[in-house]
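Peer 1: I'm passing along run-v7.cif; it holds mmCIF, C-alpha atoms.
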```
data_target
#
loop_
_atom_site.label_atom_id
_atom_site.label_comp_id
_atom_site.auth_asym_id
_atom_site.auth_seq_id
_atom_site.Cartn_x
_atom_site.Cartn_y
_atom_site.Cartn_z
CA MET A 1406 13.91 59.97 -51.37
CA ILE A 1407 14.70 56.67 -52.96
CA ALA A 1408 15.98 54.20 -50.42
CA ASN A 1409 19.67 54.41 -49.65
CA SER A 1410 22.16 51.73 -48.79
CA GLN A 1411 21.73 52.18 -45.03
CA GLU A 1412 18.09 51.22 -45.27
CA ARG A 1413 19.04 48.25 -47.43
CA VAL A 1414 21.38 47.11 -44.69
CA ARG A 1415 18.66 47.51 -42.09
CA ARG A 1416 16.06 45.60 -44.13
CA PRO A 1417 17.92 43.35 -46.56
CA ILE A 1418 14.84 41.61 -48.05
CA ASP A 1419 12.95 44.77 -48.98
CA PHE A 1420 13.25 45.21 -52.74
CA THR A 1421 10.40 47.62 -53.16
CA ARG A 1422 12.62 50.67 -53.21
CA ARG A 1423 14.99 49.32 -55.84
CA PHE A 1424 12.44 47.56 -57.99
CA LEU A 1425 9.08 48.49 -59.44
CA ILE A 1426 7.42 45.06 -59.53
CA PHE A 1427 10.32 43.40 -61.39
CA ILE A 1428 11.82 46.44 -63.13
CA PRO A 1429 15.11 47.60 -61.55
CA VAL A 1430 15.18 51.33 -60.80
CA GLU A 1431 18.60 51.68 -59.24
CA THR A 1432 20.23 53.81 -61.93
CA GLN A 1433 19.03 57.22 -63.02
CA ARG A 1434 18.87 56.00 -66.62
CA SER A 1435 16.56 53.12 -65.78
CA ARG A 1436 14.35 55.40 -63.71
CA ARG A 1437 14.05 57.90 -66.55
CA ILE A 1438 13.12 55.11 -68.92
CA LEU A 1439 10.54 54.00 -66.37
CA VAL A 1440 9.00 57.49 -66.22
CA VAL A 1441 8.77 57.78 -70.01
CA GLY A 1442 7.45 54.22 -70.24
CA TYR A 1443 4.90 54.90 -67.51
CA TYR A 1444 3.25 57.76 -69.41
CA LEU A 1445 3.51 55.97 -72.77
CA PHE A 1446 1.89 52.90 -71.24
CA PHE A 1447 -0.94 54.98 -69.84
CA LEU A 1448 -1.53 56.66 -73.20
CA ALA A 1449 -1.41 53.36 -75.09
CA PHE A 1450 -3.67 51.62 -72.59
CA GLY A 1451 -6.19 54.49 -72.68
CA ALA A 1452 -6.23 54.49 -76.48
CA MET A 1453 -6.69 50.71 -76.60
CA LEU A 1454 -9.49 50.79 -74.04
CA VAL A 1455 -11.39 53.47 -75.95
CA TRP A 1456 -10.71 51.73 -79.27
CA TYR A 1457 -11.86 48.27 -78.22
CA ARG A 1458 -14.47 48.96 -75.55
CA GLY A 1459 -15.85 52.28 -76.80
CA PRO A 1460 -15.85 55.79 -75.27
CA ALA A 1461 -18.42 54.69 -72.65
CA LYS A 1462 -15.68 52.79 -70.81
CA TYR A 1463 -13.37 55.81 -70.75
CA ASP A 1464 -14.21 56.51 -67.10
CA ARG A 1465 -12.52 53.23 -66.12
CA LEU A 1466 -9.22 54.99 -66.69
CA LEU A 1467 -9.84 57.08 -63.56
CA PRO A 1468 -9.19 54.29 -61.02
CA LEU A 1469 -6.38 53.06 -63.26
CA ALA A 1470 -4.73 56.51 -63.03
CA PHE A 1471 -4.80 56.27 -59.26
CA TYR A 1472 -3.59 52.66 -59.24
CA LEU A 1473 -0.67 53.31 -61.58
CA GLY A 1474 0.25 56.49 -59.68
CA SER A 1475 0.28 54.52 -56.44
CA ALA A 1476 2.53 51.87 -58.03
CA LEU A 1477 5.22 54.55 -58.25
CA GLY A 1478 5.01 55.04 -54.47
CA GLY A 1479 4.68 58.33 -52.68
CA ILE A 1480 0.96 58.09 -52.01
CA THR A 1481 1.23 54.45 -50.91
CA PHE A 1482 3.75 52.44 -48.91
CA SER A 1483 4.96 50.34 -51.87
CA GLY A 1484 6.80 51.50 -54.97
CA PRO A 1485 10.24 52.98 -55.56
CA VAL A 1486 9.43 56.37 -54.00
CA ARG A 1487 9.01 56.50 -50.24
CA VAL A 1488 5.67 57.51 -48.82
CA PHE A 1489 5.17 61.29 -48.66
CA SER A 1490 3.41 61.10 -45.32
CA GLN A 1491 3.94 63.81 -42.74
CA TRP A 1492 3.59 61.15 -40.07
CA GLN A 1493 6.51 58.95 -39.17
CA ARG A 1494 6.45 55.89 -36.99
CA ARG A 1495 8.49 56.15 -33.84
CA PHE A 1496 10.93 53.25 -33.66
CA ARG A 1497 10.80 52.99 -29.87
CA ASP A 1498 7.14 52.09 -29.42
CA GLY A 1499 5.74 52.05 -32.96
CA SER A 1500 3.51 55.07 -32.41
CA ALA A 1501 2.98 57.62 -35.17
CA TRP A 1502 4.23 61.14 -34.66
CA GLY A 1503 4.70 64.30 -36.70
CA ILE A 1504 8.00 64.84 -38.49
CA ASP A 1505 9.17 67.28 -35.81
CA GLY A 1506 8.52 64.63 -33.18
CA ASN A 1507 6.25 66.79 -31.04
CA ILE A 1508 2.78 66.36 -32.47
CA PRO A 1509 1.06 63.02 -31.85
CA HIS A 1510 -1.05 61.70 -34.71
CA PRO A 1511 -4.78 62.28 -34.08
CA TYR A 1512 -5.78 58.63 -34.43
CA LEU A 1513 -2.68 56.57 -35.21
CA SER A 1514 -0.76 57.42 -32.03
CA GLY A 1515 0.24 54.37 -30.07
CA ARG A 1516 -0.85 51.97 -32.80
CA ARG A 1517 1.63 49.89 -34.76
CA ILE A 1518 0.12 50.19 -38.22
CA ILE A 1519 2.67 51.22 -40.81
CA GLU A 1520 6.13 49.96 -41.61
CA SER A 1521 7.27 53.41 -42.65
CA ASP A 1522 10.84 54.55 -43.21
CA ARG A 1523 11.80 57.72 -41.48
CA LEU A 1524 12.44 60.57 -43.91
CA ASP A 1525 15.62 62.51 -43.28
CA GLU A 1526 16.17 66.19 -44.07
CA HIS A 1527 17.32 65.47 -47.61
CA ASP A 1528 14.28 63.28 -48.30
CA ILE A 1529 11.91 65.97 -47.07
CA ALA A 1530 13.66 68.62 -49.17
CA VAL A 1531 13.46 66.41 -52.28
CA ARG A 1532 9.80 65.62 -51.65
CA ASP A 1533 8.88 69.29 -51.15
CA ARG A 1534 10.87 70.40 -54.19
CA ALA A 1535 9.14 67.79 -56.37
CA HIS A 1536 5.76 69.02 -55.20
CA TYR A 1537 6.72 72.61 -55.93
CA LEU A 1538 7.78 71.70 -59.47
CA ALA A 1539 4.64 69.63 -60.03
CA TYR A 1540 2.44 72.43 -58.71
CA SER A 1541 4.13 74.98 -60.96
CA ALA A 1542 3.81 72.69 -63.97
CA LEU A 1543 0.08 72.16 -63.41
CA ARG A 1544 -0.60 75.83 -62.69
CA TRP A 1545 -0.65 77.13 -66.25
CA PRO A 1546 -2.94 74.40 -67.65
CA ALA A 1547 -5.36 75.16 -64.80
CA ILE A 1548 -5.34 78.89 -65.56
CA VAL A 1549 -5.90 78.25 -69.26
CA ALA A 1550 -8.72 75.81 -68.43
CA ALA A 1551 -10.33 78.40 -66.13
CA LEU A 1552 -10.14 81.09 -68.79
CA PHE A 1553 -11.48 79.04 -71.68
CA GLY A 1554 -13.49 76.36 -69.87
CA GLY A 1555 -16.25 78.81 -69.02
CA ILE A 1556 -17.11 79.24 -72.69
CA PHE A 1557 -18.01 75.56 -72.93
CA LEU A 1558 -19.29 74.78 -69.44
CA PHE A 1559 -21.63 77.50 -68.29
CA ASP A 1560 -24.51 76.63 -70.64
CA ALA A 1561 -24.02 72.89 -70.27
CA THR A 1562 -26.55 70.51 -68.77
CA PRO A 1563 -25.42 68.40 -65.77
CA GLU A 1564 -24.95 65.43 -68.08
CA GLN A 1565 -22.79 67.39 -70.53
CA LEU A 1566 -20.86 68.96 -67.67
CA GLY A 1567 -20.27 65.52 -66.16
CA HIS A 1568 -19.02 64.19 -69.51
CA VAL A 1569 -16.62 67.10 -69.99
CA LEU A 1570 -15.32 66.79 -66.45
CA VAL A 1571 -14.84 63.04 -66.71
CA ILE A 1572 -12.94 63.50 -69.98
CA ALA A 1573 -10.79 66.18 -68.36
CA SER A 1574 -10.39 64.28 -65.11
CA VAL A 1575 -8.44 61.36 -66.57
CA PRO A 1576 -5.39 63.33 -67.79
CA VAL A 1577 -5.58 65.56 -64.71
CA ALA A 1578 -5.70 62.54 -62.38
CA ALA A 1579 -2.96 60.74 -64.31
CA LEU A 1580 -0.68 63.74 -63.94
CA PHE A 1581 -1.79 64.76 -60.46
CA PHE A 1582 -1.22 61.37 -58.84
CA SER A 1583 2.11 60.69 -60.53
CA LEU A 1584 3.91 63.94 -61.27
CA PRO A 1585 5.78 64.44 -57.95
CA GLN A 1586 6.91 60.80 -57.98
CA ALA A 1587 7.96 61.09 -61.65
CA ILE A 1588 9.98 64.22 -60.85
CA ILE A 1589 11.74 62.45 -57.99
CA LEU A 1590 12.50 59.40 -60.12
CA TRP A 1591 13.76 61.62 -62.93
CA THR A 1592 16.03 63.83 -60.84
CA GLU A 1593 17.47 61.61 -58.10
CA PRO A 1594 21.00 60.39 -58.87
CA THR A 1595 22.02 56.77 -59.33
CA LEU A 1596 21.95 54.77 -56.10
CA GLU A 1597 25.21 53.55 -54.67
CA PRO A 1598 25.75 49.80 -54.53
CA ASP A 1599 25.00 48.20 -51.17
CA PRO A 1600 27.93 47.61 -48.84
CA GLU A 1601 28.24 44.09 -47.60
CA ASP A 1602 26.46 43.66 -44.31
CA PRO A 1603 28.88 42.08 -41.83
CA GLY A 1604 26.01 40.76 -39.70
CA THR A 1605 24.43 38.96 -42.62
CA GLN A 1606 27.79 37.53 -43.64
CA THR A 1607 28.28 36.12 -40.19
CA VAL A 1608 24.86 34.52 -40.25
CA SER A 1609 25.48 33.15 -43.75
CA ARG A 1610 28.75 31.63 -42.67
CA ALA A 1611 27.12 30.14 -39.61
CA VAL A 1612 24.37 28.63 -41.77
CA GLN A 1613 26.87 27.31 -44.28
CA MET B 1338 8.78 87.43 -47.34
CA LYS B 1339 8.44 91.16 -46.78
CA ALA B 1340 7.38 92.75 -43.52
CA GLU B 1341 5.29 95.42 -45.18
CA LEU B 1342 2.65 95.67 -47.86
CA TYR B 1343 2.18 98.60 -50.21
CA LEU B 1344 -1.40 98.82 -51.44
CA LEU B 1345 -3.17 101.76 -53.09
CA GLY B 1346 -0.36 104.08 -52.13
CA ARG B 1347 -0.42 103.15 -48.45
CA ARG B 1348 2.06 101.18 -46.42
CA PHE B 1349 0.81 98.45 -44.10
CA ASP B 1350 2.99 96.88 -41.44
CA MET B 1351 2.70 93.13 -41.89
CA ALA B 1352 5.49 92.04 -39.58
CA PRO B 1353 3.22 90.46 -36.92
CA ARG B 1354 1.81 87.09 -37.90
CA ASP B 1355 -1.64 88.01 -36.60
CA LYS B 1356 -1.92 90.80 -39.15
CA ARG B 1357 -0.94 88.47 -41.97
CA ARG B 1358 -3.49 85.94 -40.86
CA LYS B 1359 -6.16 88.62 -40.79
CA LEU B 1360 -5.13 89.62 -44.31
CA VAL B 1361 -5.52 86.04 -45.55
CA VAL B 1362 -8.94 85.72 -43.90
CA VAL B 1363 -10.09 89.06 -45.36
CA ILE B 1364 -8.95 88.15 -48.88
CA TYR B 1365 -10.53 84.68 -48.86
CA SER B 1366 -13.74 86.07 -47.34
CA ALA B 1367 -13.87 88.77 -50.01
CA ILE B 1368 -13.32 86.21 -52.77
CA PHE B 1369 -16.03 83.85 -51.55
CA VAL B 1370 -18.51 86.67 -50.86
CA SER B 1371 -17.85 87.96 -54.39
CA LEU B 1372 -18.41 84.50 -55.82
CA ALA B 1373 -21.69 84.20 -53.92
CA ALA B 1374 -22.77 87.65 -55.11
CA SER B 1375 -21.82 86.73 -58.66
CA TRP B 1376 -24.00 83.62 -58.43
CA LEU B 1377 -26.94 85.68 -57.20
CA VAL B 1378 -26.49 88.30 -59.94
CA ASP B 1379 -26.26 86.15 -63.07
CA HIS B 1380 -25.42 82.57 -62.04
CA TRP B 1381 -21.74 83.06 -62.94
CA GLN B 1382 -22.45 83.87 -66.54
CA ILE B 1383 -20.50 87.12 -66.95
CA SER B 1384 -19.74 88.57 -63.52
CA VAL B 1385 -17.58 85.58 -62.54
CA GLY B 1386 -14.98 86.80 -65.02
CA LEU B 1387 -14.68 89.96 -62.95
CA VAL B 1388 -14.32 87.96 -59.74
CA LEU B 1389 -11.59 85.76 -61.24
CA PHE B 1390 -9.84 88.91 -62.46
CA CYS B 1391 -9.93 90.25 -58.88
CA VAL B 1392 -8.42 86.94 -57.68
CA PHE B 1393 -5.54 87.47 -60.11
CA LEU B 1394 -5.13 91.05 -58.88
CA ALA B 1395 -5.08 89.96 -55.22
CA ASN B 1396 -2.62 87.24 -56.11
CA ARG B 1397 -0.35 89.63 -57.95
CA PHE B 1398 -0.46 92.75 -55.78
CA VAL B 1399 -1.02 91.32 -52.29
CA PHE B 1400 0.17 87.72 -52.13
CA GLY B 1401 2.97 87.71 -54.72
CA GLY B 1402 5.04 84.58 -55.26
CA TYR B 1403 3.98 83.89 -58.83
CA GLY B 1404 4.87 86.98 -60.84
CA SER B 1405 7.41 89.69 -60.17
CA GLU B 1406 5.41 92.45 -58.51
CA PRO B 1407 7.85 94.29 -56.19
CA ARG B 1408 5.19 95.47 -53.72
CA ALA B 1409 3.58 92.09 -53.01
CA MET B 1410 4.23 90.25 -49.75
CA ILE B 1411 6.08 87.20 -51.04
CA LYS B 1412 9.20 87.33 -53.15
CA PRO B 1413 9.02 85.78 -56.63
CA PHE B 1414 9.22 81.98 -56.37
CA LEU B 1415 11.36 81.87 -59.50
CA GLY B 1416 13.58 84.77 -58.38
CA ASN B 1417 16.79 82.78 -57.94
CA GLU B 1418 16.48 81.00 -61.29
CA VAL B 1419 15.62 84.17 -63.21
CA ARG B 1420 18.44 86.14 -61.59
CA SER B 1421 21.05 83.45 -62.18
CA ARG B 1422 20.06 83.35 -65.86
CA TYR B 1423 20.19 87.15 -65.94
CA LEU B 1424 23.65 87.24 -64.37
CA SER B 1425 25.00 84.60 -66.75
CA ASN B 1426 24.85 87.18 -69.56
CA PRO B 1427 23.41 90.61 -68.59
CA ASP B 1428 23.79 91.92 -72.14
CA SER B 1429 21.76 89.25 -73.88
CA ARG B 1430 18.39 90.05 -75.43
CA TRP B 1431 16.63 88.01 -72.74
CA SER B 1432 18.40 89.90 -69.95
CA ARG B 1433 17.63 93.28 -71.47
CA LEU B 1434 13.97 92.30 -71.74
CA SER B 1435 14.07 91.13 -68.11
CA ARG B 1436 15.44 94.49 -66.99
CA LEU B 1437 12.56 96.23 -68.76
CA THR B 1438 9.77 93.97 -67.49
CA ILE B 1439 11.12 93.03 -64.05
CA PRO B 1440 12.40 96.17 -62.32
CA ASN B 1441 13.82 94.30 -59.32
CA VAL B 1442 15.82 91.73 -61.22
CA THR B 1443 18.98 93.68 -60.40
CA ASN B 1444 18.14 93.87 -56.68
CA GLU B 1445 19.20 90.65 -55.01
CA ASN B 1446 17.65 91.59 -51.66
CA LEU B 1447 14.15 92.05 -53.10
CA PHE B 1448 14.22 89.46 -55.85
CA CYS B 1449 16.11 86.43 -54.55
CA SER B 1450 15.19 84.00 -51.79
CA ASP B 1451 17.65 82.56 -49.30
CA GLU B 1452 17.91 78.87 -48.51
CA ARG B 1453 15.30 78.98 -45.77
CA GLU B 1454 12.80 80.83 -47.95
CA VAL B 1455 13.25 78.28 -50.74
CA GLN B 1456 12.68 75.49 -48.25
CA ARG B 1457 9.53 77.15 -46.91
CA ARG B 1458 8.30 77.71 -50.47
CA ASP B 1459 8.65 74.02 -51.31
CA GLU B 1460 7.04 72.99 -48.04
CA ALA B 1461 4.05 75.25 -48.65
CA HIS B 1462 3.60 73.81 -52.13
CA GLN B 1463 3.74 70.29 -50.76
CA LEU B 1464 0.98 71.08 -48.29
CA ALA B 1465 -1.07 72.93 -50.92
CA TYR B 1466 -0.71 69.99 -53.31
CA ARG B 1467 -2.27 67.70 -50.72
CA CYS B 1468 -5.16 70.07 -50.06
CA LEU B 1469 -5.70 70.50 -53.76
CA GLY B 1470 -5.66 66.74 -54.25
CA VAL B 1471 -8.58 66.38 -51.85
CA THR B 1472 -10.51 69.20 -53.55
CA VAL B 1473 -9.88 67.93 -57.08
CA THR B 1474 -10.70 64.33 -56.20
CA PHE B 1475 -13.96 65.38 -54.53
CA THR B 1476 -14.92 67.58 -57.50
CA PHE B 1477 -14.35 64.83 -60.03
CA LEU B 1478 -16.19 62.34 -57.86
CA VAL B 1479 -19.26 64.57 -57.67
CA ALA B 1480 -19.12 65.21 -61.43
CA TYR B 1481 -18.82 61.48 -62.09
CA LEU B 1482 -21.77 60.67 -59.84
CA ALA B 1483 -23.84 63.45 -61.42
CA MET B 1484 -23.09 62.05 -64.87
CA ILE B 1485 -24.07 58.53 -63.85
CA ALA B 1486 -27.27 59.68 -62.17
CA ALA B 1487 -28.15 62.40 -64.68
CA ARG B 1488 -31.54 60.89 -65.52
CA LEU B 1489 -32.37 60.46 -61.85
CA LEU B 1490 -31.40 64.07 -61.09
CA LYS B 1491 -33.63 65.27 -63.92
CA VAL B 1492 -36.59 63.27 -62.63
CA ALA B 1493 -36.02 64.54 -59.09
CA GLY B 1494 -35.82 68.11 -60.39
CA ILE B 1495 -32.41 68.81 -58.83
CA ALA B 1496 -30.37 68.79 -62.01
CA SER B 1497 -29.65 72.52 -61.84
CA ALA B 1498 -28.68 72.23 -58.16
CA ALA B 1499 -26.19 69.49 -59.04
CA ASN B 1500 -24.83 71.74 -61.78
CA ALA B 1501 -24.42 74.57 -59.29
CA ILE B 1502 -22.56 72.34 -56.84
CA ILE B 1503 -20.10 71.18 -59.50
CA HIS B 1504 -19.57 74.76 -60.67
CA SER B 1505 -18.97 75.85 -57.07
CA LEU B 1506 -16.44 73.09 -56.48
CA LEU B 1507 -14.62 73.99 -59.67
CA MET B 1508 -14.47 77.62 -58.59
CA VAL B 1509 -13.18 76.70 -55.14
CA ALA B 1510 -10.58 74.36 -56.67
CA PHE B 1511 -9.38 77.11 -58.98
CA VAL B 1512 -9.18 79.79 -56.26
CA VAL B 1513 -7.36 77.35 -53.97
CA PHE B 1514 -4.98 76.34 -56.74
CA VAL B 1515 -4.00 79.90 -57.58
CA THR B 1516 -3.62 81.24 -54.03
CA LEU B 1517 -3.06 78.47 -51.49
CA PRO B 1518 0.78 78.17 -51.35
CA GLN B 1519 1.11 81.91 -50.81
CA ALA B 1520 -1.65 81.90 -48.19
CA ILE B 1521 0.06 79.04 -46.35
CA LEU B 1522 3.31 80.99 -46.30
CA LEU B 1523 1.63 84.14 -44.99
CA TRP B 1524 -0.27 82.12 -42.40
CA THR B 1525 2.62 80.10 -41.04
CA GLU B 1526 5.63 82.42 -41.08
CA PRO B 1527 6.46 83.72 -37.57
CA ASP B 1528 6.63 87.39 -36.66
CA LEU B 1529 9.08 89.26 -38.88
CA GLU B 1530 11.43 92.11 -38.14
CA PRO B 1531 10.99 95.22 -40.28
CA GLU B 1532 13.76 95.60 -42.86
CA SER B 1533 14.91 99.14 -43.46
CA SER B 1534 16.90 98.18 -46.57
CA SER B 1535 13.88 96.67 -48.32
CA LEU B 1536 11.82 99.77 -47.44
CA GLU B 1537 14.35 102.01 -49.10
CA SER B 1538 14.60 99.73 -52.11
CA ILE B 1539 10.84 99.65 -52.61
CA SER B 1540 10.62 103.42 -52.30
CA GLY B 1541 13.38 103.70 -54.88
CA ALA B 1542 11.64 101.29 -57.23
CA ALA B 1543 8.36 103.18 -56.84
CA GLN B 1544 10.01 106.47 -57.76
#
```
I need this file expressed as structure tokens, please.
Peer 2:
Amino acid sequence: MIANSQERVRRPIDFTRRFLIFIPVETQRSRRILVVGYYLFFLAFGAMLVWYRGPAKYDRLLPLAFYLGSALGGITFSGPVRVFSQWQRRFRDGSAWGIDGNIPHPYLSGRRIIESDRLDEHDIAVRDRAHYLAYSALRWPAIVAALFGGIFLFDATPEQLGHVLVIASVPVAALFFSLPQAIILWTEPTLEPDPEDPGTQTVSRAVQ
Amino acid sequence: MKAELYLLGRRFDMAPRDKRRKLVVVIYSAIFVSLAASWLVDHWQISVGLVLFCVFLANRFVFGGYGSEPRAMIKPFLGNEVRSRYLSNPDSRWSRLSRLTIPNVTNENLFCSDEREVQRRDEAHQLAYRCLGVTVTFTFLVAYLAMIAARLLKVAGIASAANAIIHSLLMVAFVVFVTLPQAILLWTEPDLEPESSSLESISGAAQ
């Protein structure tokens, strides 16, 4: 799921798959540190925001949860994890088609919009497995919340209900938008070093 | 996935995809009609507990997947992991407990999934995760807007309606979360061939 050396050869300037902003994520160790750091950062930032700006600003963590989740990739085109999209751009004419190559996209077909990398079978398997693990991990908290949430919510006014849901929504959103990406970053092995691209070498020599 | 369903002592042939799709439609219709009836009876104060209990029952005895019910349609999602741990030391305390609580743990055919089934399981969860993301995001958005405009809703006299909408969305999100991957699998799998070996095994387990 994380970009391999072939892609690096094809697009030598694209660092987004090997770096998160400026943090290298090529080795499994660095990616695991990134995952731990990501959640610690979110916790620390949330605590600081509530401490300095008061609980009224707590809801500002909701867009932050989405933004930080998108920085990991998966749900956006940047970040170390490739986009999870079902729709892949066809190299021949730039149109967007389904993964099986038979279903044209309802509104993107024929339009050159995304610079997406085609997912191979391994990428799709890794993506689906990560979603399965994330789904299973979130299942039990949801069941517990459904069993015990009713005690607190069913007599609540809309304002109280909104407050409770906003409080609950931040951890749910933080996990929901980042968990599959975090699982991929945690489990994928260390990337192999890039082979030297003979074409680039030739160009370099010519320039020199 | 199994080609037959055992429910209330009767065997239903579920090999054709059309039948499985009808089953999914019937179960979801029953759940949402029950939720509507529960709202009319006591505004989801007490009766909703019964409805949620029925969702768990449908999930366990009809859909399968999560849990280890041998008669449900879908094999346990964790079957391979549980069985490999069981086989690593069948005499351990954990394995003995597994044999008592999971009757099919010794039956590889009924309990374990092959490579294709594992792949389909993951794919269904990926799709369900996306659908759930839309539902959850919409629910939180409505709750957030209702909180911001609480005073306005009170003045307009639609505070209780807003409350009902948020409750409804939460219910839908929960029902979807618990059942959607299994429903996707039942809906999308092509026509199956009846398996005589699984029939015999289920009959044996039932006896």
Peer 1: Please identify all residues of chain A having at least one atom at most 10 Å from any atom of chain B, considering only C-alpha atoms, and return them as a PDB file with C-alpha atoms, in the coordinates of the input.
Peer 2:
```
ATOM      1  CA  ASP A1464     -14.210  56.510 -67.100  1.00  0.00           C
ATOM      2  CA  LEU A1467      -9.840  57.080 -63.560  1.00  0.00           C
ATOM      3  CA  PHE A1489       5.170  61.290 -48.660  1.00  0.00           C
ATOM      4  CA  GLN A1491       3.940  63.810 -42.740  1.00  0.00           C
ATOM      5  CA  ILE A1529      11.910  65.970 -47.070  1.00  0.00           C
ATOM      6  CA  ALA A1530      13.660  68.620 -49.170  1.00  0.00           C
ATOM      7  CA  VAL A1531      13.460  66.410 -52.280  1.00  0.00           C
ATOM      8  CA  ARG A1532       9.800  65.620 -51.650  1.00  0.00           C
ATOM      9  CA  ASP A1533       8.880  69.290 -51.150  1.00  0.00           C
ATOM     10  CA  ARG A1534      10.870  70.400 -54.190  1.00  0.00           C
ATOM     11  CA  ALA A1535       9.140  67.790 -56.370  1.00  0.00           C
ATOM     12  CA  HIS A1536       5.760  69.020 -55.200  1.00  0.00           C
ATOM     13  CA  TYR A1537       6.720  72.610 -55.930  1.00  0.00           C
ATOM     14  CA  LEU A1538       7.780  71.700 -59.470  1.00  0.00           C
ATOM     15  CA  ALA A1539       4.640  69.630 -60.030  1.00  0.00           C
ATOM     16  CA  TYR A1540       2.440  72.430 -58.710  1.00  0.00           C
ATOM     17  CA  SER A1541       4.130  74.980 -60.960  1.00  0.00           C
ATOM     18  CA  LEU A1543       0.080  72.160 -63.410  1.00  0.00           C
ATOM     19  CA  ARG A1544      -0.600  75.830 -62.690  1.00  0.00           C
ATOM     20  CA  TRP A1545      -0.650  77.130 -66.250  1.00  0.00           C
ATOM     21  CA  ALA A1547      -5.360  75.160 -64.800  1.00  0.00           C
ATOM     22  CA  ILE A1548      -5.340  78.890 -65.560  1.00  0.00           C
ATOM     23  CA  ALA A1550      -8.720  75.810 -68.430  1.00  0.00           C
ATOM     24  CA  ALA A1551     -10.330  78.400 -66.130  1.00  0.00           C
ATOM     25  CA  LEU A1552     -10.140  81.090 -68.790  1.00  0.00           C
ATOM     26  CA  GLY A1555     -16.250  78.810 -69.020  1.00  0.00           C
ATOM     27  CA  ILE A1556     -17.110  79.240 -72.690  1.00  0.00           C
ATOM     28  CA  LEU A1558     -19.290  74.780 -69.440  1.00  0.00           C
ATOM     29  CA  PHE A1559     -21.630  77.500 -68.290  1.00  0.00           C
ATOM     30  CA  ASP A1560     -24.510  76.630 -70.640  1.00  0.00           C
ATOM     31  CA  ALA A1561     -24.020  72.890 -70.270  1.00  0.00           C
ATOM     32  CA  THR A1562     -26.550  70.510 -68.770  1.00  0.00           C
ATOM     33  CA  PRO A1563     -25.420  68.400 -65.770  1.00  0.00           C
ATOM     34  CA  GLU A1564     -24.950  65.430 -68.080  1.00  0.00           C
ATOM     35  CA  GLN A1565     -22.790  67.390 -70.530  1.00  0.00           C
ATOM     36  CA  LEU A1566     -20.860  68.960 -67.670  1.00  0.00           C
ATOM     37  CA  GLY A1567     -20.270  65.520 -66.160  1.00  0.00           C
ATOM     38  CA  HIS A1568     -19.020  64.190 -69.510  1.00  0.00           C
ATOM     39  CA  VAL A1569     -16.620  67.100 -69.990  1.00  0.00           C
ATOM     40  CA  LEU A1570     -15.320  66.790 -66.450  1.00  0.00           C
ATOM     41  CA  VAL A1571     -14.840  63.040 -66.710  1.00  0.00           C
ATOM     42  CA  ALA A1573     -10.790  66.180 -68.360  1.00  0.00           C
ATOM     43  CA  SER A1574     -10.390  64.280 -65.110  1.00  0.00           C
ATOM     44  CA  VAL A1575      -8.440  61.360 -66.570  1.00  0.00           C
ATOM     45  CA  VAL A1577      -5.580  65.560 -64.710  1.00  0.00           C
ATOM     46  CA  ALA A1578      -5.700  62.540 -62.380  1.00  0.00           C
ATOM     47  CA  PHE A1581      -1.790  64.760 -60.460  1.00  0.00           C
ATOM     48  CA  PHE A1582      -1.220  61.370 -58.840  1.00  0.00           C
ATOM     49  CA  PRO A1585       5.780  64.440 -57.950  1.00  0.00           C
TER      50      PRO A1585
END
```
Peer 1: Excluding stretch 1474-1476 of chain A and any residue of its chain fewer than 6 positions from it, enumerate the residues within 8 Å of it, using all atoms listed in the file, and give them as an NGL selection string.
Peer 2: :A and (1425 or 1483-1484 or 1579 or 1582-1583)
Peer 1: Please provide the set of residues having any atom within 9 Å of stretch 1417-1434 of chain B, restricted to all atoms listed in the file, with same-chain residues fewer than 6 positions apart removed, written as a list in words.
Peer 2: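 That gives Val1442, Thr1443, Glu1445, Phe1448, Cys1449, Ser1450 and Asp1451 of chain B.
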Peer 1: Give me the residues near A:Trp1591 as a list in words, where near means some atom within 10 Å (using only C-alpha atoms) and where sequence neighbours in that chain fewer than 5 positions away do not count.
Peer 2: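 With the cut-off at 10 Å, the set is Gln1433, Arg1434, Ser1435, Arg1436, Arg1437, Ile1438, Leu1439, Val1440, Val1441, Pro1585 and Gln1586 of chain A.
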Peer 1: Please evaluate the PyMOL selection byres ((chain B and resi 1371) around 10) against the structure above and give the resulting residues as a list in words.
Peer 2: Tyr1365, Ser1366, Ala1367, Ile1368, Phe1369, Val1370, Leu1372, Ala1373, Ala1374, Ser1375, Trp1376, Leu1377, Ser1384, Val1385, Leu1387, Val1388, Leu1389 and Cys1391 of chain B
Peer 1: Under the rule that only C-alpha atoms are counted, which of B:Ser1505, B:Gly1402, B:Thr1472, B:Arg1357 is the nearest residue to B:Gln1519?
Peer 2: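 The answer is B:Gly1402, which sits nearest to B:Gln1519.
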Peer 1: Give as a PyMOL selection string each residue that has an atom at most 8 Å from (1.1, 90.1, -53.0) in the file, counting only C-alpha atoms.
Peer 2: chain B and resi 1342+1395-1402+1406+1408-1411
Peer 1: So what do you get for atom CA of B:Cys1468 versus atom CA of B:Val1512, distance-wise?
Peer 2: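 Interatomic distance here is 12.2 Å.
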Peer 1: Record the distance separating atom CA of A:Gly1554 and atom CA of B:Phe1475, expressed in Å with one decimal.
Peer 2: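 Going from atom CA of A:Gly1554 over to atom CA of B:Phe1475, I get 18.9 Å.
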Peer 1: Could you check how far atom CA of A:Thr1595 sits from atom CA of A:Arg1487, in Å to one decimal?
Peer 2: 15.9 Å
